$ cat entry_32.csv   # CSV, C-alpha atoms
chain,number,residue,atom,x,y,z
A,1,MET,CA,33.6,-54.0,37.4
A,2,MET,CA,31.0,-54.2,34.7
A,3,PHE,CA,29.7,-50.8,33.6
A,4,VAL,CA,26.0,-50.5,33.3
A,5,GLU,CA,24.5,-47.8,31.1
A,6,PRO,CA,22.7,-45.0,33.0
A,7,TRP,CA,19.6,-45.4,30.8
A,8,ILE,CA,19.4,-49.0,31.7
A,9,VAL,CA,19.4,-48.1,35.4
A,10,ARG,CA,16.8,-45.4,34.9
A,11,GLY,CA,14.6,-47.8,32.9
A,12,ALA,CA,14.9,-50.5,35.6
A,13,LEU,CA,14.0,-48.0,38.3
A,14,LEU,CA,11.0,-46.8,36.2
A,15,LEU,CA,9.8,-50.4,35.8
A,16,ILE,CA,10.1,-51.0,39.5
A,17,ILE,CA,8.2,-47.8,40.3
A,18,VAL,CA,5.5,-48.7,37.7
A,19,PHE,CA,5.2,-52.2,39.1
A,20,CYS,CA,5.0,-51.0,42.7
A,21,GLY,CA,2.4,-48.4,41.7
A,22,TYR,CA,0.3,-50.9,39.8
A,23,THR,CA,0.5,-53.3,42.8
A,24,ALA,CA,-0.6,-50.6,45.2
A,25,PHE,CA,-3.4,-49.6,42.9
A,26,LYS,CA,-4.7,-53.2,42.6
A,27,LEU,CA,-4.5,-53.6,46.4
A,28,GLU,CA,-6.4,-50.3,47.0
A,29,ALA,CA,-9.0,-51.2,44.3
A,30,SER,CA,-9.5,-54.6,45.9
A,31,ARG,CA,-9.9,-53.0,49.3
A,32,LEU,CA,-12.5,-50.5,48.0
A,33,GLU,CA,-14.3,-53.3,46.2
A,34,GLU,CA,-14.5,-55.3,49.4
A,35,LYS,CA,-15.7,-52.3,51.3
A,36,TRP,CA,-18.3,-51.5,48.7
A,37,SER,CA,-19.5,-55.1,48.7
A,38,GLN,CA,-19.8,-55.1,52.4
A,39,GLU,CA,-21.8,-51.9,52.4
A,40,LEU,CA,-24.1,-53.3,49.7
A,41,ARG,CA,-24.7,-56.4,51.8
A,42,GLN,CA,-25.5,-54.3,54.8
A,43,GLN,CA,-28.0,-52.2,52.7
A,44,GLU,CA,-29.6,-55.4,51.4
A,45,GLN,CA,-29.9,-56.8,55.0
A,46,LYS,CA,-31.4,-53.5,56.2
A,47,ALA,CA,-33.9,-53.5,53.3
A,48,GLN,CA,-34.8,-57.1,54.1
A,49,GLN,CA,-35.3,-56.3,57.8
A,50,GLN,CA,-37.5,-53.4,56.9
A,51,LEU,CA,-39.6,-55.5,54.6
A,52,ILE,CA,-40.1,-58.1,57.4
A,53,GLN,CA,-41.2,-55.3,59.7
A,54,VAL,CA,-43.9,-54.2,57.2
A,55,ILE,CA,-45.1,-57.7,56.7
A,56,ASN,CA,-45.2,-58.4,60.5
A,57,ARG,CA,-47.2,-55.2,61.0
A,58,LEU,CA,-49.7,-56.1,58.3
A,59,ARG,CA,-50.0,-59.6,59.7
A,60,HIS,CA,-50.6,-58.2,63.2
A,61,ASP,CA,-53.3,-55.9,61.9
A,62,TRP,CA,-55.0,-58.7,60.0
A,63,MET,CA,-54.9,-61.0,63.1
A,64,ASN,CA,-56.6,-58.2,65.2
A,65,ASP,CA,-59.3,-57.8,62.6
A,66,THR,CA,-59.9,-61.6,62.4
A,67,GLN,CA,-60.1,-61.9,66.2
A,68,ILE,CA,-62.7,-59.1,66.4
A,69,LEU,CA,-64.8,-60.7,63.6
A,70,PHE,CA,-64.7,-64.1,65.4
A,71,GLY,CA,-65.6,-62.4,68.6
A,72,TYR,CA,-68.7,-60.8,67.1
A,73,ILE,CA,-69.7,-64.2,65.6
A,74,GLN,CA,-69.2,-66.0,68.9
A,75,LEU,CA,-71.2,-63.4,70.8
A,76,LYS,CA,-73.8,-63.4,68.0
A,77,LYS,CA,-73.4,-59.7,67.5
A,78,PHE,CA,-74.2,-60.0,63.8
A,79,ASP,CA,-75.3,-56.4,63.5
A,80,ASN,CA,-71.7,-55.4,64.2
A,81,LEU,CA,-70.3,-57.6,61.4
A,82,GLN,CA,-71.4,-55.4,58.4
A,83,PRO,CA,-70.0,-52.1,59.6
A,84,TYR,CA,-66.7,-53.7,60.7
A,85,MET,CA,-66.4,-55.4,57.3
A,86,GLU,CA,-67.0,-52.0,55.6
A,87,LYS,CA,-64.2,-50.7,57.8
A,88,ILE,CA,-61.9,-53.5,56.6
A,89,LYS,CA,-62.9,-52.9,53.0
A,90,MET,CA,-62.1,-49.2,53.3
A,91,THR,CA,-58.7,-50.0,54.9
A,92,MET,CA,-57.9,-52.4,52.1
A,93,GLN,CA,-58.8,-49.7,49.5
A,94,GLN,CA,-56.6,-47.2,51.3
A,95,GLU,CA,-53.6,-49.6,51.3
A,96,SER,CA,-54.2,-50.4,47.6
A,97,ASN,CA,-54.2,-46.7,46.7
A,98,LEU,CA,-51.1,-46.1,48.8
A,99,SER,CA,-49.2,-48.9,46.9
A,100,LYS,CA,-50.1,-47.1,43.6
A,101,LEU,CA,-48.8,-43.6,44.3
A,102,GLY,CA,-46.2,-44.0,41.6
A,103,ILE,CA,-43.1,-43.1,43.6
A,104,PRO,CA,-41.7,-46.3,45.1
A,105,SER,CA,-39.3,-44.6,47.5
A,106,LEU,CA,-42.1,-42.4,48.9
A,107,ILE,CA,-44.3,-45.5,49.3
A,108,ALA,CA,-41.6,-47.3,51.2
A,109,PHE,CA,-41.0,-44.3,53.4
A,110,LEU,CA,-44.7,-44.0,54.3
A,111,LEU,CA,-45.0,-47.7,55.1
A,112,LEU,CA,-41.9,-47.9,57.1
A,113,PHE,CA,-42.7,-44.8,59.1
A,114,ARG,CA,-46.1,-46.2,60.1
A,115,VAL,CA,-44.4,-49.4,61.3
A,116,GLN,CA,-41.3,-47.9,63.0
A,117,SER,CA,-42.6,-44.7,64.6
A,118,LYS,CA,-43.7,-44.9,68.2
A,119,SER,CA,-44.2,-41.2,69.0
A,120,LEU,CA,-46.2,-40.2,65.9
A,121,GLU,CA,-49.1,-42.1,64.1
A,122,LEU,CA,-49.1,-41.3,60.4
A,123,GLU,CA,-52.4,-41.6,58.4
A,124,VAL,CA,-52.4,-41.2,54.6
A,125,GLU,CA,-55.9,-40.2,53.4
A,126,LEU,CA,-56.4,-41.7,49.9
A,127,ASP,CA,-60.0,-41.9,48.8
A,128,GLN,CA,-59.0,-42.5,45.2
A,129,GLU,CA,-56.1,-43.8,43.2
A,130,ILE,CA,-53.4,-41.1,42.4
A,131,ASN,CA,-50.2,-41.6,40.4
A,132,LEU,CA,-47.9,-38.9,41.8
A,133,GLY,CA,-45.1,-40.0,39.6
A,134,GLN,CA,-46.9,-38.8,36.5
A,135,LEU,CA,-47.4,-35.2,37.7
A,136,PRO,CA,-45.4,-32.5,36.0
A,137,LEU,CA,-43.3,-31.6,39.1
A,138,HIS,CA,-39.6,-31.5,39.8
A,139,ASP,CA,-38.1,-35.0,40.5
A,140,GLY,CA,-37.9,-35.8,44.1
A,141,LEU,CA,-39.8,-32.7,45.3
A,142,ILE,CA,-42.9,-34.5,46.6
A,143,GLU,CA,-40.9,-37.1,48.6
A,144,ARG,CA,-38.5,-34.5,50.0
A,145,LEU,CA,-41.3,-32.3,51.3
A,146,VAL,CA,-43.3,-35.2,52.7
A,147,ARG,CA,-40.2,-36.5,54.5
A,148,GLN,CA,-39.1,-33.2,55.9
A,149,THR,CA,-42.6,-32.2,57.1
A,150,VAL,CA,-43.3,-35.6,58.7
A,151,GLU,CA,-39.9,-35.8,60.4
A,152,CYS,CA,-40.1,-32.2,61.6
A,153,VAL,CA,-43.6,-32.8,63.2
A,154,GLN,CA,-42.3,-36.0,64.8
A,155,GLU,CA,-39.3,-34.2,66.3
A,156,HIS,CA,-41.4,-31.4,67.9
A,157,ALA,CA,-44.5,-33.4,68.9
A,158,ALA,CA,-44.7,-33.5,72.7
A,159,ALA,CA,-46.0,-37.1,73.2
A,160,SER,CA,-45.8,-38.5,76.7
A,161,TYR,CA,-47.0,-41.3,78.9
A,162,GLY,CA,-47.2,-43.7,76.0
A,163,GLU,CA,-49.6,-41.5,74.0
A,164,SER,CA,-48.8,-40.4,70.5
A,165,GLY,CA,-50.1,-37.6,68.3
A,166,THR,CA,-51.6,-38.3,64.9
A,167,LEU,CA,-50.5,-36.7,61.6
A,168,SER,CA,-52.8,-37.1,58.6
A,169,LEU,CA,-51.5,-36.5,55.0
A,170,GLU,CA,-53.7,-35.9,52.0
A,171,PHE,CA,-52.7,-35.4,48.4
A,172,ASP,CA,-55.1,-33.0,46.6
A,173,VAL,CA,-54.5,-32.9,42.8
A,174,GLN,CA,-55.8,-29.6,41.3
A,175,GLU,CA,-55.7,-28.2,37.8
A,176,ASP,CA,-52.6,-26.1,38.3
A,177,GLY,CA,-50.8,-27.9,41.0
A,178,LEU,CA,-50.7,-30.4,43.9
A,179,LEU,CA,-51.6,-29.6,47.5
A,180,LEU,CA,-50.0,-31.5,50.4
A,181,ASP,CA,-52.3,-31.2,53.3
A,182,PHE,CA,-50.9,-32.0,56.8
A,183,VAL,CA,-53.1,-32.0,59.9
A,184,TYR,CA,-51.5,-32.8,63.2
A,185,GLN,CA,-53.6,-33.5,66.3
A,186,GLY,CA,-52.0,-33.9,69.7
A,187,PRO,CA,-49.7,-32.1,72.0
A,188,TYR,CA,-46.7,-30.2,70.4
A,189,ASN,CA,-44.4,-27.3,71.0
A,190,ARG,CA,-45.9,-24.7,68.8
A,191,GLU,CA,-43.0,-22.2,68.8
A,192,GLN,CA,-40.4,-24.8,68.0
A,193,LEU,CA,-42.5,-26.5,65.4
A,194,GLU,CA,-43.4,-23.3,63.6
A,195,LYS,CA,-39.8,-22.1,63.6
A,196,ALA,CA,-38.4,-25.5,62.5
A,197,LEU,CA,-40.9,-25.7,59.6
A,198,LYS,CA,-40.0,-22.2,58.4
A,199,GLU,CA,-36.3,-23.0,58.5
A,200,THR,CA,-36.7,-26.4,56.9
A,201,LEU,CA,-39.3,-25.8,54.3
A,202,LEU,CA,-39.6,-22.1,53.5
A,203,SER,CA,-35.9,-21.3,53.3
A,204,ARG,CA,-35.8,-23.2,49.9
A,205,ALA,CA,-39.3,-22.6,48.7
A,206,ASN,CA,-38.5,-21.9,45.1
A,207,SER,CA,-40.7,-24.6,43.5
A,208,TYR,CA,-43.5,-24.6,46.1
A,209,SER,CA,-45.2,-22.3,48.5
A,210,LEU,CA,-47.0,-22.3,51.9
A,211,GLU,CA,-50.7,-22.2,51.1
A,212,GLN,CA,-52.0,-22.3,54.7
A,213,SER,CA,-50.8,-22.7,58.3
A,214,GLU,CA,-52.9,-22.8,61.4
A,215,TRP,CA,-51.7,-23.2,64.9
A,216,GLN,CA,-54.0,-24.2,67.8
A,217,GLU,CA,-53.4,-25.7,71.2
A,218,GLU,CA,-53.4,-29.3,70.1
A,219,GLU,CA,-53.8,-29.0,66.3
A,220,ALA,CA,-51.6,-27.8,63.5
A,221,VAL,CA,-52.5,-27.5,59.9
A,222,ILE,CA,-49.9,-27.1,57.2
A,223,THR,CA,-50.7,-26.9,53.4
A,224,LEU,CA,-48.0,-26.8,50.8
A,225,ARG,CA,-48.8,-25.9,47.1
A,226,LEU,CA,-46.6,-27.4,44.4
A,227,PRO,CA,-47.4,-25.7,41.1
A,228,PHE,CA,-47.1,-27.8,37.9
A,229,ARG,CA,-44.3,-27.1,35.5
A,230,THR,CA,-45.4,-25.5,32.2
$ encode --input "entry_32.csv" --output "structure tokens"
Amino acid sequence: MMFVEPWIVRGALLLIIVFCGYTAFKLEASRLEEKWSQELRQQEQKAQQQLIQVINRLRHDWMNDTQILFGYIQLKKFDNLQPYMEKIKMTMQQESNLSKLGIPSLIAFLLLFRVQSKSLELEVELDQEINLGQLPLHDGLIERLVRQTVECVQEHAAASYGESGTLSLEFDVQEDGLLLDFVYQGPYNREQLEKALKETLLSRANSYSLEQSEWQEEEAVITLRLPFRT
């Protein structure tokens, strides 16, 4: 029998192990790449569907406004035209100010929430243009607080029989900080909402504070202060 040097056998085994390991690595890398590509496609499809939802909502609102204007014209109620046109103009200005808030992810959240939410109507009060992205605050703080507060109110609002409560949000830029003013009007579970807000917001209030909170039968007021970084 032909004698084979032990180092040759060990070398051959090492090559086989390396080859098998490399093959397994390539297969796993290919699997992970395919999985990542599939998740990316799903995210893109979800974003496209959400965009279509926003466009359909805007189209629906414009169709309603157009029908009302045509109705006034057909009925010759010309005195109603100017005030309704002023209402449309104000709405357009609000939408324009919303699109210029300076934080794209926050803008997308506010638009999508207004389209998708059935139990809570969200109104963003923007009388003037504000660029929140330029304020000296911690990155992501504004969006996180807005998201958490809106979702918390939505969870504990006691809407029923097709009726929904209304949550208004106003951004008040002051000299030393930003105020987030939330006013909810409608039925809600006061004890649960107050407890949930304390647990959600105040447990990590190291870069903001609770400026005001008022709890009435069908109205809740929550104001958060975000001091500017110096």
$ closest_residue --input "entry_32.csv" --among "A:Val221, A:Leu197, A:Val173, A:Ala29" --to "Gln185 in chain A" --atoms "all atoms listed in the file"
A:Val221
$ residues_near_point --input "entry_32.csv" --point "(-38.7, -30.6, 72.0)" --cutoff "10 Å" --atoms "only C-alpha atoms" --output "mmCIF file with C-alpha atoms, keeping the file's coordinate frame"
data_model
loop_
_atom_site.group_PDB
_atom_site.id
_atom_site.type_symbol
_atom_site.label_atom_id
_atom_site.label_comp_id
_atom_site.auth_asym_id
_atom_site.auth_seq_id
_atom_site.Cartn_x
_atom_site.Cartn_y
_atom_site.Cartn_z
ATOM 1 C CA GLN A 154 -42.300 -36.000 64.800
ATOM 2 C CA GLU A 155 -39.300 -34.200 66.300
ATOM 3 C CA HIS A 156 -41.400 -31.400 67.900
ATOM 4 C CA ALA A 157 -44.500 -33.400 68.900
ATOM 5 C CA ALA A 158 -44.700 -33.500 72.700
ATOM 6 C CA ALA A 159 -46.000 -37.100 73.200
ATOM 7 C CA TYR A 188 -46.700 -30.200 70.400
ATOM 8 C CA ASN A 189 -44.400 -27.300 71.000
ATOM 9 C CA ARG A 190 -45.900 -24.700 68.800
ATOM 10 C CA GLU A 191 -43.000 -22.200 68.800
ATOM 11 C CA GLN A 192 -40.400 -24.800 68.000
ATOM 12 C CA LEU A 193 -42.500 -26.500 65.400
#
$ closest_residue --input "entry_32.csv" --among "A:Met92, A:Phe171, A:Leu178, A:Val183" --to "Glu121 in chain A" --atoms "all atoms listed in the file"
A:Val183
$ closest_residue --input "entry_32.csv" --among "A:Ser207, A:Ser30, A:Thr166, A:Gln93" --to "Ala220 in chain A" --atoms "only C-alpha atoms"
A:Thr166
$ atom_distance --input "entry_32.csv" --atom1 "CA of Trp62 in chain A" --atom2 "CA of Glu143 in chain A"
28.2 Å
$ atom_distance --input "entry_32.csv" --atom1 "CA of Val150 in chain A" --atom2 "CA of Gln128 in chain A"
21.8 Å
$ residues_near_point --input "entry_32.csv" --point "(-47.4, -46.2, 63.3)" --cutoff "12 Å" --atoms "only C-alpha atoms" --output "list in words"
Gln53, Val54, Arg57, Leu58, Asp61, Phe109, Leu110, Leu111, Leu112, Phe113, Arg114, Val115, Gln116, Ser117, Lys118, Ser119, Leu120, Glu121, Leu122, Glu123, Val124, Gln154, Glu163, Ser164, Gly165, Thr166, Leu167 and Ser168 of chain A
$ closest_residue --input "entry_32.csv" --among "A:Leu224, A:Leu81, A:Leu179, A:Ile55" --to "Lys198 in chain A" --atoms "all atoms listed in the file"
A:Leu224
$ closest_residue --input "entry_32.csv" --among "A:Ala196, A:Tyr184, A:Leu15, A:Ile73" --to "Trp215 in chain A" --atoms "only C-alpha atoms"
A:Tyr184
$ residues_around --input "entry_32.csv" --residues "Ile130 in chain A" --least-positions-apart "5" --cutoff "9 Å" --atoms "all atoms listed in the file" --output "number ranges by chain"
A: 97-98, 100-102, 171, 173
$ atom_distance --input "entry_32.csv" --atom1 "CA of Glu95 in chain A" --atom2 "CA of Gly140 in chain A"
22.1 Å
$ residues_around --input "entry_32.csv" --residues "Ser209 in chain A" --least-positions-apart "4" --cutoff "8 Å" --atoms "all atoms listed in the file" --output "PyMOL selection string"
chain A and resi 202+205+224-226
$ decode --input "entry_32.csv" --residues "range 190-216 of chain A" --atoms "N, CA and C atoms" --output "PDB file, in the first residue's frame"
ATOM      1  N   ARG A 190     -60.489  58.634  32.114  1.00  0.00           N
ATOM      2  CA  ARG A 190     -59.548  59.569  32.733  1.00  0.00           C
ATOM      3  C   ARG A 190     -58.458  58.856  33.531  1.00  0.00           C
ATOM      4  N   GLU A 191     -58.860  57.921  34.381  1.00  0.00           N
ATOM      5  CA  GLU A 191     -57.884  57.257  35.252  1.00  0.00           C
ATOM      6  C   GLU A 191     -56.837  56.505  34.434  1.00  0.00           C
ATOM      7  N   GLN A 192     -57.286  55.771  33.424  1.00  0.00           N
ATOM      8  CA  GLN A 192     -56.359  54.993  32.609  1.00  0.00           C
ATOM      9  C   GLN A 192     -55.459  55.894  31.764  1.00  0.00           C
ATOM     10  N   LEU A 193     -56.030  56.957  31.186  1.00  0.00           N
ATOM     11  CA  LEU A 193     -55.235  57.845  30.351  1.00  0.00           C
ATOM     12  C   LEU A 193     -54.183  58.577  31.177  1.00  0.00           C
ATOM     13  N   GLU A 194     -54.581  59.096  32.329  1.00  0.00           N
ATOM     14  CA  GLU A 194     -53.632  59.818  33.180  1.00  0.00           C
ATOM     15  C   GLU A 194     -52.498  58.894  33.629  1.00  0.00           C
ATOM     16  N   LYS A 195     -52.842  57.675  34.005  1.00  0.00           N
ATOM     17  CA  LYS A 195     -51.827  56.714  34.438  1.00  0.00           C
ATOM     18  C   LYS A 195     -50.912  56.337  33.283  1.00  0.00           C
ATOM     19  N   ALA A 196     -51.487  56.105  32.106  1.00  0.00           N
ATOM     20  CA  ALA A 196     -50.695  55.693  30.948  1.00  0.00           C
ATOM     21  C   ALA A 196     -49.729  56.793  30.517  1.00  0.00           C
ATOM     22  N   LEU A 197     -50.194  58.045  30.553  1.00  0.00           N
ATOM     23  CA  LEU A 197     -49.319  59.149  30.166  1.00  0.00           C
ATOM     24  C   LEU A 197     -48.164  59.307  31.144  1.00  0.00           C
ATOM     25  N   LYS A 198     -48.437  59.136  32.421  1.00  0.00           N
ATOM     26  CA  LYS A 198     -47.366  59.235  33.414  1.00  0.00           C
ATOM     27  C   LYS A 198     -46.334  58.137  33.210  1.00  0.00           C
ATOM     28  N   GLU A 199     -46.820  56.918  32.959  1.00  0.00           N
ATOM     29  CA  GLU A 199     -45.898  55.802  32.760  1.00  0.00           C
ATOM     30  C   GLU A 199     -45.119  55.932  31.451  1.00  0.00           C
ATOM     31  N   THR A 200     -45.788  56.423  30.412  1.00  0.00           N
ATOM     32  CA  THR A 200     -45.159  56.493  29.098  1.00  0.00           C
ATOM     33  C   THR A 200     -44.233  57.689  28.958  1.00  0.00           C
ATOM     34  N   LEU A 201     -44.684  58.859  29.427  1.00  0.00           N
ATOM     35  CA  LEU A 201     -43.942  60.091  29.188  1.00  0.00           C
ATOM     36  C   LEU A 201     -43.051  60.494  30.352  1.00  0.00           C
ATOM     37  N   LEU A 202     -43.615  60.513  31.544  1.00  0.00           N
ATOM     38  CA  LEU A 202     -42.886  61.098  32.671  1.00  0.00           C
ATOM     39  C   LEU A 202     -41.814  60.173  33.235  1.00  0.00           C
ATOM     40  N   SER A 203     -41.867  58.888  32.902  1.00  0.00           N
ATOM     41  CA  SER A 203     -40.854  57.967  33.424  1.00  0.00           C
ATOM     42  C   SER A 203     -39.482  58.230  32.812  1.00  0.00           C
ATOM     43  N   ARG A 204     -39.461  58.870  31.631  1.00  0.00           N
ATOM     44  CA  ARG A 204     -38.175  59.164  30.971  1.00  0.00           C
ATOM     45  C   ARG A 204     -38.056  60.655  30.646  1.00  0.00           C
ATOM     46  N   ALA A 205     -38.597  61.474  31.525  1.00  0.00           N
ATOM     47  CA  ALA A 205     -38.623  62.917  31.270  1.00  0.00           C
ATOM     48  C   ALA A 205     -37.319  63.575  31.706  1.00  0.00           C
ATOM     49  N   ASN A 206     -36.229  63.234  31.030  1.00  0.00           N
ATOM     50  CA  ASN A 206     -34.953  63.861  31.366  1.00  0.00           C
ATOM     51  C   ASN A 206     -34.610  65.031  30.458  1.00  0.00           C
ATOM     52  N   SER A 207     -35.258  65.120  29.328  1.00  0.00           N
ATOM     53  CA  SER A 207     -34.991  66.224  28.400  1.00  0.00           C
ATOM     54  C   SER A 207     -36.250  67.032  28.104  1.00  0.00           C
ATOM     55  N   TYR A 208     -37.288  66.848  28.919  1.00  0.00           N
ATOM     56  CA  TYR A 208     -38.530  67.613  28.779  1.00  0.00           C
ATOM     57  C   TYR A 208     -39.278  67.521  30.103  1.00  0.00           C
ATOM     58  N   SER A 209     -40.351  68.290  30.216  1.00  0.00           N
ATOM     59  CA  SER A 209     -41.123  68.293  31.459  1.00  0.00           C
ATOM     60  C   SER A 209     -42.600  68.500  31.147  1.00  0.00           C
ATOM     61  N   LEU A 210     -43.426  68.128  32.102  1.00  0.00           N
ATOM     62  CA  LEU A 210     -44.870  68.338  31.984  1.00  0.00           C
ATOM     63  C   LEU A 210     -45.185  69.750  32.445  1.00  0.00           C
ATOM     64  N   GLU A 211     -45.587  70.591  31.514  1.00  0.00           N
ATOM     65  CA  GLU A 211     -45.876  71.986  31.813  1.00  0.00           C
ATOM     66  C   GLU A 211     -47.264  72.152  32.418  1.00  0.00           C
ATOM     67  N   GLN A 212     -48.233  71.385  31.895  1.00  0.00           N
ATOM     68  CA  GLN A 212     -49.619  71.543  32.343  1.00  0.00           C
ATOM     69  C   GLN A 212     -50.398  70.267  32.045  1.00  0.00           C
ATOM     70  N   SER A 213     -51.337  69.950  32.934  1.00  0.00           N
ATOM     71  CA  SER A 213     -52.265  68.850  32.675  1.00  0.00           C
ATOM     72  C   SER A 213     -53.587  69.161  33.359  1.00  0.00           C
ATOM     73  N   GLU A 214     -54.659  69.087  32.597  1.00  0.00           N
ATOM     74  CA  GLU A 214     -55.997  69.333  33.115  1.00  0.00           C
ATOM     75  C   GLU A 214     -56.904  68.186  32.675  1.00  0.00           C
ATOM     76  N   TRP A 215     -57.717  67.701  33.607  1.00  0.00           N
ATOM     77  CA  TRP A 215     -58.570  66.560  33.321  1.00  0.00           C
ATOM     78  C   TRP A 215     -60.018  66.915  33.669  1.00  0.00           C
ATOM     79  N   GLN A 216     -60.848  67.008  32.648  1.00  0.00           N
ATOM     80  CA  GLN A 216     -62.263  67.261  32.839  1.00  0.00           C
ATOM     81  C   GLN A 216     -63.061  66.101  32.264  1.00  0.00           C
TER      82      GLN A 216
END
